[in-house]
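Here is the file structure-v6.cif (mmCIF, C-alpha atoms).
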```cif
data_data
#
loop_
_atom_site.label_atom_id
_atom_site.label_comp_id
_atom_site.auth_asym_id
_atom_site.auth_seq_id
_atom_site.Cartn_x
_atom_site.Cartn_y
_atom_site.Cartn_z
CA MET A 8 55.29 103.37 179.65
CA LEU A 9 52.87 106.09 180.69
CA GLY A 10 49.63 106.02 178.69
CA GLU A 11 49.13 104.31 175.34
CA ALA A 12 48.80 105.89 171.93
CA GLU A 13 45.10 106.33 171.15
CA PRO A 14 43.58 104.13 168.45
CA GLN A 15 43.88 105.65 165.02
CA TRP A 16 40.17 105.72 164.31
CA LEU A 17 39.82 108.51 166.87
CA SER A 18 42.18 110.85 165.09
CA GLU A 19 42.50 109.83 161.44
CA GLU A 20 40.16 110.78 158.63
CA VAL A 21 37.93 107.95 157.51
CA LYS A 22 38.70 106.95 153.95
CA THR A 23 37.23 104.29 151.79
CA GLY A 24 40.71 103.26 150.53
CA THR A 25 39.14 100.97 148.03
CA THR A 26 39.01 99.36 144.68
CA ILE A 27 36.09 100.18 142.41
CA ILE A 28 35.39 99.15 138.85
CA ALA A 29 32.58 99.55 136.32
CA ILE A 30 32.35 98.01 132.86
CA GLU A 31 29.74 98.20 130.12
CA PHE A 32 28.51 95.33 127.98
CA ASN A 33 25.99 95.21 125.16
CA GLY A 34 22.76 95.85 127.04
CA GLY A 35 23.96 96.96 130.46
CA VAL A 36 26.74 97.53 132.97
CA VAL A 37 28.45 95.70 135.84
CA LEU A 38 29.78 97.60 138.85
CA GLY A 39 32.03 96.14 141.52
CA SER A 40 33.68 97.23 144.75
CA ASP A 41 35.46 95.90 147.82
CA SER A 42 34.10 96.56 151.32
CA ARG A 43 36.90 97.94 153.49
CA VAL A 44 36.74 101.36 155.16
CA SER A 45 39.92 102.44 156.93
CA ALA A 46 40.94 105.24 159.29
CA GLY A 47 44.72 105.29 159.19
CA GLU A 48 45.68 101.70 159.92
CA SER A 49 42.41 100.63 161.55
CA VAL A 50 39.64 99.03 159.56
CA VAL A 51 36.51 100.76 160.83
CA ASN A 52 34.03 98.93 158.62
CA ARG A 53 34.75 95.66 156.86
CA VAL A 54 31.41 95.21 155.13
CA MET A 55 30.54 98.59 153.64
CA ASN A 56 28.73 98.55 150.31
CA LYS A 57 30.36 101.23 148.20
CA LEU A 58 27.92 100.84 145.32
CA SER A 59 25.26 103.44 145.96
CA PRO A 60 22.04 103.80 143.97
CA LEU A 61 21.39 107.17 142.33
CA HIS A 62 18.22 105.92 140.62
CA ASP A 63 16.57 102.62 139.75
CA LYS A 64 18.96 101.86 136.92
CA ILE A 65 21.87 104.17 137.75
CA TYR A 66 24.45 103.40 140.41
CA CYS A 67 27.67 105.05 141.51
CA ALA A 68 30.82 103.59 143.04
CA LEU A 69 32.42 105.55 145.88
CA SER A 70 36.12 106.07 146.63
CA GLY A 71 38.29 108.58 148.49
CA SER A 72 37.02 110.27 151.62
CA ALA A 73 33.99 108.31 152.89
CA ALA A 74 32.10 111.36 154.08
CA ASP A 75 32.64 113.36 150.88
CA ALA A 76 31.67 110.46 148.65
CA GLN A 77 28.49 109.63 150.56
CA THR A 78 27.43 113.26 150.63
CA ILE A 79 27.88 113.68 146.89
CA ALA A 80 25.89 110.50 146.26
CA GLU A 81 23.03 111.67 148.48
CA MET A 82 22.90 115.12 146.91
CA VAL A 83 22.85 113.69 143.39
CA ASN A 84 20.20 111.13 144.39
CA TYR A 85 17.94 114.02 145.45
CA GLN A 86 18.69 116.17 142.41
CA LEU A 87 18.06 113.22 140.10
CA ASP A 88 14.68 112.50 141.74
CA VAL A 89 13.59 116.07 141.14
CA HIS A 90 14.89 116.00 137.56
CA SER A 91 13.16 112.75 136.70
CA MET A 92 9.85 114.11 138.01
CA GLU A 93 10.31 117.21 135.88
CA ILE A 94 10.91 115.29 132.67
CA GLY A 95 8.34 112.61 133.55
CA GLU A 96 10.52 109.61 132.75
CA ASP A 97 13.67 107.81 133.89
CA PRO A 98 16.80 109.98 133.78
CA LEU A 99 19.73 109.38 131.44
CA VAL A 100 22.99 108.01 132.84
CA ARG A 101 24.74 111.02 131.33
CA SER A 102 22.47 113.34 133.37
CA ALA A 103 23.42 111.59 136.59
CA ALA A 104 27.09 111.73 135.70
CA THR A 105 26.82 115.42 134.84
CA LEU A 106 25.25 116.17 138.23
CA VAL A 107 28.11 114.35 139.98
CA LYS A 108 30.65 116.14 137.80
CA ASN A 109 29.15 119.54 138.61
CA ILE A 110 29.58 119.01 142.34
CA SER A 111 33.07 117.48 141.97
CA TYR A 112 34.25 120.34 139.81
CA LYS A 113 32.69 123.20 141.76
CA TYR A 114 34.09 121.98 145.09
CA LYS A 115 37.23 120.34 143.79
CA GLU A 116 39.47 122.06 146.35
CA GLU A 117 37.38 121.01 149.33
CA LEU A 118 36.36 117.53 148.29
CA SER A 119 38.51 114.46 147.85
CA ALA A 120 36.24 111.79 146.49
CA HIS A 121 36.07 110.05 143.11
CA LEU A 122 32.78 108.58 141.94
CA ILE A 123 32.32 106.31 138.94
CA VAL A 124 28.76 106.55 137.57
CA ALA A 125 27.29 103.65 135.59
CA GLY A 126 23.83 102.54 134.54
CA TRP A 127 21.38 101.71 131.79
CA ASP A 128 18.95 103.95 129.97
CA ARG A 129 16.72 103.46 126.95
CA ARG A 130 18.58 105.90 124.75
CA GLY A 131 22.18 104.85 125.18
CA GLY A 132 22.06 101.35 126.71
CA GLY A 133 24.76 100.55 129.23
CA GLN A 134 27.16 103.42 129.93
CA VAL A 135 30.09 104.06 132.28
CA PHE A 136 31.27 107.57 133.16
CA ALA A 137 34.37 108.60 135.13
CA THR A 138 34.18 111.88 137.03
CA LEU A 139 37.65 112.18 138.55
CA LYS A 140 38.40 115.72 139.79
CA GLY A 141 35.56 117.25 137.82
CA LEU A 142 36.25 115.74 134.42
CA LEU A 143 33.40 113.91 132.68
CA THR A 144 34.33 111.15 130.28
CA ARG A 145 32.52 108.09 128.97
CA GLN A 146 34.67 104.94 128.88
CA PRO A 147 34.09 101.26 128.09
CA PHE A 148 35.30 100.53 131.62
CA ALA A 149 36.74 102.49 134.54
CA VAL A 150 38.74 101.57 137.65
CA GLY A 151 39.36 103.76 140.66
CA GLY A 152 40.52 103.90 144.26
CA SER A 153 43.87 103.08 145.83
CA GLY A 154 43.72 99.45 144.76
CA SER A 155 43.30 100.32 141.10
CA SER A 156 47.02 101.09 140.63
CA TYR A 157 47.86 97.42 141.08
CA VAL A 158 45.47 96.19 138.43
CA TYR A 159 46.03 98.63 135.57
CA GLY A 160 48.26 96.06 133.87
CA PHE A 161 45.71 93.29 134.36
CA VAL A 162 42.74 95.26 133.01
CA ASP A 163 44.79 96.58 130.06
CA ALA A 164 45.69 93.01 129.12
CA GLU A 165 42.37 91.30 129.79
CA TYR A 166 39.75 93.74 128.55
CA ARG A 167 38.27 92.84 125.20
CA LYS A 168 35.50 94.63 123.34
CA GLY A 169 32.18 92.82 123.07
CA MET A 170 32.25 90.74 126.25
CA ASN A 171 28.88 89.44 127.36
CA LYS A 172 27.29 89.83 130.80
CA LYS A 173 28.81 86.72 132.38
CA GLU A 174 32.30 87.50 131.08
CA CYS A 175 32.05 91.05 132.42
CA GLN A 176 31.00 89.78 135.84
CA GLN A 177 33.94 87.37 135.89
CA PHE A 178 36.30 90.13 134.76
CA VAL A 179 35.10 92.39 137.61
CA VAL A 180 35.41 89.65 140.23
CA ASN A 181 38.93 88.71 139.09
CA THR A 182 40.07 92.33 139.08
CA LEU A 183 38.66 93.02 142.53
CA SER A 184 40.23 89.87 143.93
CA LEU A 185 43.69 90.75 142.58
CA ALA A 186 43.50 94.32 143.88
CA MET A 187 42.24 93.24 147.30
CA ASN A 188 45.19 90.87 147.61
CA ARG A 189 47.75 93.59 147.05
CA ASP A 190 46.22 96.80 148.42
CA GLY A 191 46.20 97.18 152.19
CA SER A 192 43.26 99.57 152.00
CA SER A 193 41.04 97.17 150.03
CA GLY A 194 39.58 93.94 151.34
CA GLY A 195 36.64 92.18 152.87
CA VAL A 196 33.92 91.02 150.52
CA ALA A 197 33.17 91.92 146.92
CA TYR A 198 29.91 93.65 146.00
CA LEU A 199 28.60 93.32 142.46
CA VAL A 200 25.72 95.18 140.81
CA THR A 201 24.51 94.25 137.33
CA ILE A 202 22.13 96.64 135.59
CA ASP A 203 20.32 95.95 132.32
CA GLU A 204 16.96 96.75 130.77
CA HIS A 205 15.26 94.01 132.77
CA GLY A 206 16.38 95.26 136.17
CA THR A 207 19.10 95.61 138.75
CA GLU A 208 20.74 92.66 140.46
CA GLU A 209 22.87 93.04 143.61
CA LYS A 210 25.24 90.31 144.67
CA VAL A 211 27.78 89.74 147.44
CA ILE A 212 30.76 87.43 147.06
CA LEU A 213 32.27 86.43 150.39
CA GLY A 214 36.03 86.42 150.94
CA ASN A 215 36.53 82.68 150.69
CA ASP A 216 34.53 82.46 147.45
CA LEU A 217 36.75 84.93 145.63
CA PRO A 218 39.10 83.55 142.95
CA THR A 219 42.58 82.63 144.18
CA PHE A 220 45.86 82.73 142.29
CA PHE A 221 49.01 80.70 142.09
CA ASP A 222 50.55 81.82 145.38
CA GLN A 223 47.50 81.35 147.62
CA MET B 44 43.30 111.45 148.93
CA GLU B 45 43.51 108.17 147.10
CA LYS B 46 46.98 106.99 146.25
CA HIS B 47 47.83 107.55 142.60
CA TYR B 48 51.51 108.06 143.36
CA THR B 49 54.25 105.91 141.91
CA ASP B 50 57.04 104.61 144.11
CA SER B 51 59.28 107.47 143.06
CA LYS B 52 57.22 110.00 144.95
CA VAL B 53 56.66 107.82 148.01
CA LYS B 54 60.24 106.66 148.52
CA GLY B 55 61.95 109.61 146.91
CA VAL B 56 64.83 107.86 145.18
CA SER B 57 63.38 104.86 143.32
CA THR B 58 64.88 104.45 139.88
CA GLY B 59 62.08 105.09 137.44
CA THR B 60 62.02 101.55 136.23
CA THR B 61 60.32 98.21 135.91
CA ILE B 62 62.26 95.03 136.70
CA LEU B 63 61.08 91.47 136.82
CA ALA B 64 62.38 87.93 137.31
CA ALA B 65 60.48 84.64 136.94
CA ILE B 66 61.30 80.94 137.15
CA PHE B 67 60.14 78.54 134.43
CA ASP B 68 60.63 74.84 133.91
CA GLY B 69 64.39 74.51 133.50
CA GLY B 70 65.50 78.11 133.87
CA VAL B 71 64.81 81.67 134.79
CA VAL B 72 63.99 84.90 132.91
CA ILE B 73 65.17 88.26 134.24
CA GLY B 74 64.34 91.53 132.53
CA SER B 75 63.90 95.27 132.70
CA ASP B 76 62.90 98.34 130.71
CA SER B 77 65.57 100.68 129.35
CA ARG B 78 64.65 104.21 130.35
CA ALA B 79 66.72 106.49 132.60
CA SER B 80 65.02 109.75 133.49
CA ILE B 81 65.80 112.85 135.51
CA GLY B 82 62.96 113.77 137.85
CA GLY B 83 60.42 112.14 135.59
CA GLU B 84 60.67 115.05 133.14
CA TYR B 85 63.60 114.32 130.86
CA VAL B 86 64.63 110.96 129.47
CA SER B 87 68.38 110.92 129.81
CA SER B 88 68.83 107.52 128.19
CA LYS B 89 66.45 105.47 126.05
CA THR B 90 68.56 102.32 125.92
CA ILE B 91 70.31 101.73 129.21
CA ASN B 92 70.70 98.08 130.22
CA LYS B 93 69.70 97.54 133.82
CA VAL B 94 70.44 93.80 133.82
CA ILE B 95 74.01 93.27 135.06
CA GLN B 96 75.97 90.04 134.83
CA VAL B 97 77.75 89.19 138.07
CA HIS B 98 78.91 85.71 137.04
CA ASP B 99 78.51 83.27 134.13
CA ARG B 100 75.01 82.19 135.08
CA ILE B 101 74.02 84.84 137.63
CA PHE B 102 72.43 88.20 136.74
CA CYS B 103 71.16 91.13 138.80
CA CYS B 104 68.67 93.92 138.34
CA MET B 105 68.90 96.99 140.51
CA ALA B 106 66.25 99.12 142.18
CA GLY B 107 66.63 102.31 144.19
CA SER B 108 69.50 104.73 143.84
CA LEU B 109 71.48 103.85 140.71
CA ALA B 110 74.75 105.13 142.19
CA ASP B 111 74.43 103.01 145.33
CA ALA B 112 73.40 99.98 143.32
CA GLN B 113 76.35 100.22 140.95
CA ALA B 114 78.81 100.57 143.82
CA VAL B 115 77.36 97.57 145.62
CA ILE B 116 77.38 95.42 142.50
CA LYS B 117 80.99 96.28 141.74
CA SER B 118 82.02 95.20 145.23
CA ALA B 119 79.85 92.09 145.06
CA LYS B 120 81.34 91.01 141.72
CA SER B 121 84.84 91.01 143.11
CA HIS B 122 83.81 89.16 146.29
CA LEU B 123 82.01 86.61 144.16
CA SER B 124 84.87 85.86 141.79
CA PHE B 125 87.27 85.48 144.71
CA HIS B 126 84.82 83.14 146.42
CA SER B 127 84.49 81.15 143.22
CA VAL B 128 88.26 80.75 142.93
CA GLN B 129 88.48 79.60 146.56
CA MET B 130 85.69 77.05 146.12
CA GLU B 131 87.08 75.93 142.75
CA SER B 132 83.58 75.80 141.33
CA PRO B 133 81.01 78.20 139.93
CA PRO B 134 79.26 80.12 142.73
CA LEU B 135 75.74 79.30 143.87
CA VAL B 136 73.03 81.85 143.10
CA ILE B 137 72.34 82.16 146.82
CA ALA B 138 76.00 83.04 147.36
CA ALA B 139 75.66 86.03 145.04
CA ALA B 140 72.39 87.07 146.69
CA SER B 141 73.92 86.69 150.18
CA ILE B 142 76.89 88.84 149.30
CA LEU B 143 74.54 91.57 148.10
CA LYS B 144 72.45 91.14 151.23
CA GLU B 145 75.47 91.47 153.53
CA LEU B 146 76.51 94.69 151.83
CA CYS B 147 72.98 96.12 151.96
CA TYR B 148 72.38 95.11 155.57
CA LYS B 149 75.74 96.20 157.00
CA ASN B 150 75.47 99.59 155.29
CA LYS B 151 71.73 100.05 155.56
CA ASP B 152 71.99 103.57 156.96
CA GLU B 153 73.96 104.88 154.01
CA LEU B 154 72.55 102.87 151.12
CA GLN B 155 69.23 102.94 149.29
CA ALA B 156 69.45 100.04 146.90
CA GLY B 157 67.60 96.77 146.41
CA PHE B 158 68.26 93.92 143.98
CA LEU B 159 66.67 91.09 142.08
CA THR B 160 69.15 88.24 141.62
CA ALA B 161 68.39 85.42 139.22
CA GLY B 162 70.46 82.54 137.96
CA TRP B 163 71.07 78.87 137.58
CA ASP B 164 73.41 76.61 139.57
CA GLY B 165 74.04 72.89 139.79
CA LYS B 166 72.72 72.50 143.31
CA LYS B 167 69.23 74.02 143.19
CA GLY B 168 68.67 74.78 139.53
CA PRO B 169 66.92 78.02 138.60
CA GLN B 170 66.39 80.49 141.45
CA VAL B 171 65.24 84.06 142.03
CA TYR B 172 66.18 86.06 145.13
CA VAL B 173 65.08 89.49 146.29
CA VAL B 174 67.28 91.68 148.46
CA SER B 175 65.11 94.49 149.77
CA LEU B 176 66.12 98.01 150.82
CA GLY B 177 66.98 97.17 154.44
CA GLY B 178 68.80 93.95 153.62
CA MET B 179 66.13 91.23 153.81
CA LEU B 180 66.82 88.24 151.58
CA ILE B 181 63.99 86.04 150.37
CA SER B 182 63.54 83.53 147.60
CA GLN B 183 60.49 83.76 145.33
CA GLN B 184 59.25 82.14 142.14
CA VAL B 185 58.36 85.42 140.51
CA THR B 186 59.09 88.95 141.60
CA ILE B 187 58.78 92.51 140.29
CA GLY B 188 60.29 95.82 141.34
CA GLY B 189 60.71 99.48 140.49
CA SER B 190 58.14 102.23 140.11
CA GLY B 191 56.40 100.57 137.18
CA SER B 192 55.84 97.35 139.10
CA THR B 193 52.84 98.82 140.98
CA TYR B 194 50.72 98.61 137.84
CA ILE B 195 51.43 94.97 137.06
CA TYR B 196 50.98 93.29 140.46
CA GLY B 197 47.49 92.23 139.40
CA TYR B 198 48.69 90.97 136.01
CA VAL B 199 51.61 88.99 137.47
CA ASP B 200 49.45 87.45 140.22
CA ALA B 201 46.87 86.40 137.64
CA LYS B 202 49.11 85.19 134.81
CA TYR B 203 52.17 83.60 136.38
CA LYS B 204 52.01 79.81 136.56
CA PRO B 205 54.75 77.64 138.06
CA ASN B 206 56.53 75.32 135.55
CA MET B 207 55.75 77.27 132.39
CA THR B 208 57.77 76.54 129.27
CA ARG B 209 60.54 78.86 128.15
CA GLU B 210 58.38 80.41 125.43
CA GLU B 211 55.40 80.94 127.76
CA CYS B 212 57.61 82.58 130.35
CA LEU B 213 59.27 84.86 127.81
CA GLN B 214 55.84 85.92 126.55
CA PHE B 215 54.64 86.49 130.12
CA ALA B 216 57.70 88.63 130.95
CA THR B 217 57.44 90.64 127.73
CA ASN B 218 53.73 91.28 128.29
CA ALA B 219 54.27 92.33 131.91
CA LEU B 220 57.04 94.76 130.98
CA ALA B 221 55.00 96.16 128.09
CA LEU B 222 51.98 96.75 130.32
CA ALA B 223 54.08 98.50 132.96
CA MET B 224 55.83 100.66 130.36
CA GLY B 225 52.41 101.58 129.01
CA ARG B 226 51.25 102.97 132.34
CA ASP B 227 54.41 104.25 134.05
CA ASN B 228 55.88 107.36 132.50
CA VAL B 229 59.36 106.76 133.91
CA SER B 230 59.62 103.26 132.41
CA GLY B 231 59.94 102.75 128.68
CA GLY B 232 62.16 102.15 125.70
CA VAL B 233 62.99 98.55 124.86
CA ALA B 234 62.55 95.42 126.94
CA HIS B 235 65.85 93.74 127.89
CA LEU B 236 65.40 90.10 128.79
CA VAL B 237 67.97 87.48 129.77
CA VAL B 238 67.13 83.76 129.76
CA ILE B 239 69.39 81.64 131.97
CA THR B 240 69.39 77.84 131.82
CA GLU B 241 71.82 75.02 132.47
CA LYS B 242 72.94 75.25 128.85
CA GLY B 243 73.76 78.91 128.89
CA VAL B 244 72.65 82.49 128.75
CA GLU B 245 70.60 84.18 126.02
CA HIS B 246 69.91 87.89 125.64
CA VAL B 247 66.61 88.90 124.09
CA VAL B 248 65.92 92.52 123.24
CA VAL B 249 62.38 93.48 122.24
CA PRO B 250 62.37 96.91 120.58
CA GLY B 251 59.51 99.33 121.30
CA ASP B 252 57.60 98.69 118.08
CA LYS B 253 57.68 94.92 118.55
CA LEU B 254 56.29 95.04 122.09
CA PRO B 255 52.80 93.52 122.47
CA ARG B 256 50.03 96.09 122.14
CA PHE B 257 46.91 96.10 124.20
CA ASN B 258 43.43 97.31 123.44
CA ASP B 259 43.64 100.98 124.08
CA GLU B 260 46.74 101.78 122.01
#
```

Show me, as structure tokens, the structure contained in the file I just sent.
Amino acid sequence: MLGEAEPQWLSEEVKTGTTIIAIEFNGGVVLGSDSRVSAGESVVNRVMNKLSPLHDKIYCALSGSAADAQTIAEMVNYQLDVHSMEIGEDPLVRSAATLVKNISYKYKEELSAHLIVAGWDRRGGGQVFATLKGLLTRQPFAVGGSGSSYVYGFVDAEYRKGMNKKECQQFVVNTLSLAMNRDGSSGGVAYLVTIDEHGTEEKVILGNDLPTFFDQ
Amino acid sequence: MEKHYTDSKVKGVSTGTTILAAIFDGGVVIGSDSRASIGGEYVSSKTINKVIQVHDRIFCCMAGSLADAQAVIKSAKSHLSFHSVQMESPPLVIAAASILKELCYKNKDELQAGFLTAGWDGKKGPQVYVVSLGGMLISQQVTIGGSGSTYIYGYVDAKYKPNMTREECLQFATNALALAMGRDNVSGGVAHLVVITEKGVEHVVVPGDKLPRFNDE
């Protein structure tokens, strides 16, 4: 055989594949993501943190094209810094989400990234916003990325209103674990960020510490 | 672009459907939704039964092209009853699954059909077999198929437990079908369930308004 096919990461677009989720509880939010970045069938980064800070108490979860998502997050981070200096206090979560939505909507033909924006502010408490394709909607929880298809049934069944912080964290970890088991583009470790009025807590859960299910 | 497609767009000819089979302590539950649609735009039947009986205690659900699946099942039924007469005993579940597998494998270039086979026999008790599109045959404790199955992989992985009771398994199957019907636009209608045990076969139909409802409805 003359010559071998080149590895896919040389020719394929780098996507975050991914499973991302954000959920609000009374007093804050929990965001979660997997850590796999793929280019075609190669995994080019197995430990990427897809939860990106937009401000002290506002984070976003990235999915879709890695480059597009990172660029949007960086642009909004800058715009939010300027905005918060202008108003002289911490920005609202809705402001951050609106900035993301503006970019997603204006460049919807060129971009292919979906960001979920979640955080805590003094006025509205914990809030989660979905910004898919330029739409802006507040939801009690949001899932996104290729792995989310497999867990729609699970989150529909398991979500209950009024869960506390620990229950939300467990819900996020369970959902990520189930999606990572079924989606080829999601895997690695699980990153968790919990934001409430007292601060922001980042956590990593390694692969072997994730919950397992009956067939594992 | 992230994948929000259902199986019907990726494979091209999946029956818009959700099918499921699960083993419990003493038997097996097999079930499906009841919607037949044309191109995902028009519901041509709201109450079609996709669970076919191939012998007294052996049932099948089909996935893929409905025409191919029906032709294969018709041929398999006749092979199976002849085999049962020859052996002078009820056929084993694996015999039914193997017959389907042979047909799918030998004609893999022309056919696009896969099957879930579930049943009870005296030798191994309750069993579930999956015959995939190319003709692979494997045995599983719980399995799902069809375009709506994508949305409930997480739920099934989380909620299925081996050796459930009959009532727990029925509730599990009904919930799983209801969740899939809630998210997949080409699955819907009523939930058809069949419970097969040593004692016999029981049909359970759960109409749309009696299906379990979840938070956002």

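Nearest residue to chain A, choosing from B:Leu254, B:Val248, B:Val233, B:Ala219 and counting only C-alpha atoms: B:Ala219.
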
Ground truth for the PyMOL selection byres ((chain B and resi 256) around 9), written as a PyMOL selection string: (chain A and resi 164) or (chain B and resi 218+221-222+252-255+257-260)

Between CA of Tyr148 in chain B and CA of Gln183 in chain B, distance in Å (one decimal):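 Atom-to-atom, CA of Tyr148 in chain B to CA of Gln183 in chain B, that is 19.4 Å.
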
With chain B as the partner and 8 Å as the cut-off, tabulate the residues of chain A that qualify, each row holding the nearest pair of atoms and their distance in Å to one decimal, using all atoms listed in the file, sorted by chain and rising number, as a tab-separated table.
```
residue	atom	partner	partner_atom	distance
A:Gly24	CA	B:Glu45	CA	6.6
A:Ser70	CA	B:Glu45	CA	7.7
A:Gly71	CA	B:Glu45	CA	5.4
A:Ser72	CA	B:Met44	CA	6.9
A:Ser119	CA	B:Met44	CA	5.8
A:Ala120	CA	B:Met44	CA	7.5
A:Gly152	CA	B:Glu45	CA	5.9
A:Ser153	CA	B:Lys46	CA	5.0
A:Ser156	CA	B:Tyr194	CA	5.3
A:Tyr157	CA	B:Tyr194	CA	4.5
A:Val158	CA	B:Gly197	CA	4.6
A:Tyr159	CA	B:Tyr194	CA	5.2
A:Gly160	CA	B:Ile195	CA	4.6
A:Phe161	CA	B:Tyr198	CA	4.1
A:Val162	CA	B:Tyr198	CA	7.9
A:Asp163	CA	B:Phe257	CA	6.3
A:Ala164	CA	B:Phe257	CA	5.9
A:Tyr166	CA	B:Asn258	CA	7.2
A:Arg167	CA	B:Asn258	CA	7.1
A:Thr182	CA	B:Gly197	CA	7.4
A:Leu185	CA	B:Gly197	CA	5.2
A:Ala186	CA	B:Gly197	CA	6.4
A:Arg189	CA	B:Tyr196	CA	7.3
A:Phe220	CA	B:Ala201	CA	6.0
A:Phe221	CA	B:Lys204	CA	6.4
A:Asp222	CA	B:Asp200	CA	7.7
```

If you keep C-alpha atoms, can you produce a file of those selected residues as a short mmCIF file (atom, residue, chain, number, x, y, z; two decimals), in the frame of the given file?
```cif
data_model
loop_
_atom_site.label_atom_id
_atom_site.label_comp_id
_atom_site.auth_asym_id
_atom_site.auth_seq_id
_atom_site.Cartn_x
_atom_site.Cartn_y
_atom_site.Cartn_z
CA GLY A 24 40.71 103.26 150.53
CA SER A 70 36.12 106.07 146.63
CA GLY A 71 38.29 108.58 148.49
CA SER A 72 37.02 110.27 151.62
CA SER A 119 38.51 114.46 147.85
CA ALA A 120 36.24 111.79 146.49
CA GLY A 152 40.52 103.90 144.26
CA SER A 153 43.87 103.08 145.83
CA SER A 156 47.02 101.09 140.63
CA TYR A 157 47.86 97.42 141.08
CA VAL A 158 45.47 96.19 138.43
CA TYR A 159 46.03 98.63 135.57
CA GLY A 160 48.26 96.06 133.87
CA PHE A 161 45.71 93.29 134.36
CA VAL A 162 42.74 95.26 133.01
CA ASP A 163 44.79 96.58 130.06
CA ALA A 164 45.69 93.01 129.12
CA TYR A 166 39.75 93.74 128.55
CA ARG A 167 38.27 92.84 125.20
CA THR A 182 40.07 92.33 139.08
CA LEU A 185 43.69 90.75 142.58
CA ALA A 186 43.50 94.32 143.88
CA ARG A 189 47.75 93.59 147.05
CA PHE A 220 45.86 82.73 142.29
CA PHE A 221 49.01 80.70 142.09
CA ASP A 222 50.55 81.82 145.38
#
```

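Using the PyMOL selection byres ((chain A and resi 59-64) around 7) on the file at hand returns these residues: Lys57, Leu58, Ile65, Tyr66, Cys67, Ala68, Ala80, Val83, Asn84, Gly126, Trp127, Ile202 and Thr207 of chain A.
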
Output of the PyMOL selection byres ((chain A and resi 169-173) around 9), listed as an MDAnalysis selection string: chainID A and resid 31:37 166:168 174:178 201

Within 10 Å of Ala110 in chain B using all atoms listed in the file, minus same-chain residues under 5 positions, as a list in words: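 Contacts, with the query itself left out: Val115, Leu154, Gln155 and Ala156 of chain B.
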
From A:Val54, A:Val107, A:Ala197, A:Val124, residue lying nearest Gln86 in chain A [only C-alpha atoms]: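 Result for the nearest residue to Gln86 in chain A: A:Val107.
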
Pick from B:His122, B:Lys242, B:Arg209, B:Lys167 nearest to Asp99 in chain B, counting only C-alpha atoms: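 That would be B:Lys242, the residue with the smallest distance to Asp99 in chain B.
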
Given all atoms listed in the file as the counted atoms, nearest of B:Ser127, B:Thr61, B:Gln96, B:Thr208 to Val237 in chain B: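 Smallest distance to Val237 in chain B is found for B:Gln96.
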
Test item: residues at most 12 Å from Glu20 in chain A, only C-alpha atoms, excluding those fewer than 4 positions along its chain, as a list in words: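 These residues fall inside the cut-off: Gln15, Trp16, Gly24, Val44, Ser45, Ala46, Gly47, Glu48, Ser49, Val50, Val51, Gly71, Ser72, Ala73, Ala74, Asp75 and Ser119 of chain A; Met44 of chain B.
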
All residues 9 Å or closer to Leu143 in chain B, only C-alpha atoms, same chain fewer than 2 positions away omitted, as JSON, numbers by chain: {"B": [115, 116, 118, 119, 138, 139, 140, 141, 145, 146, 147, 148, 157, 158, 174, 178]}

Two-atom distance - CA of Val71 in chain B, CA of Ser230 in chain B (Å):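 So the two atoms, CA of Val71 in chain B and CA of Ser230 in chain B, lie 22.3 Å apart.
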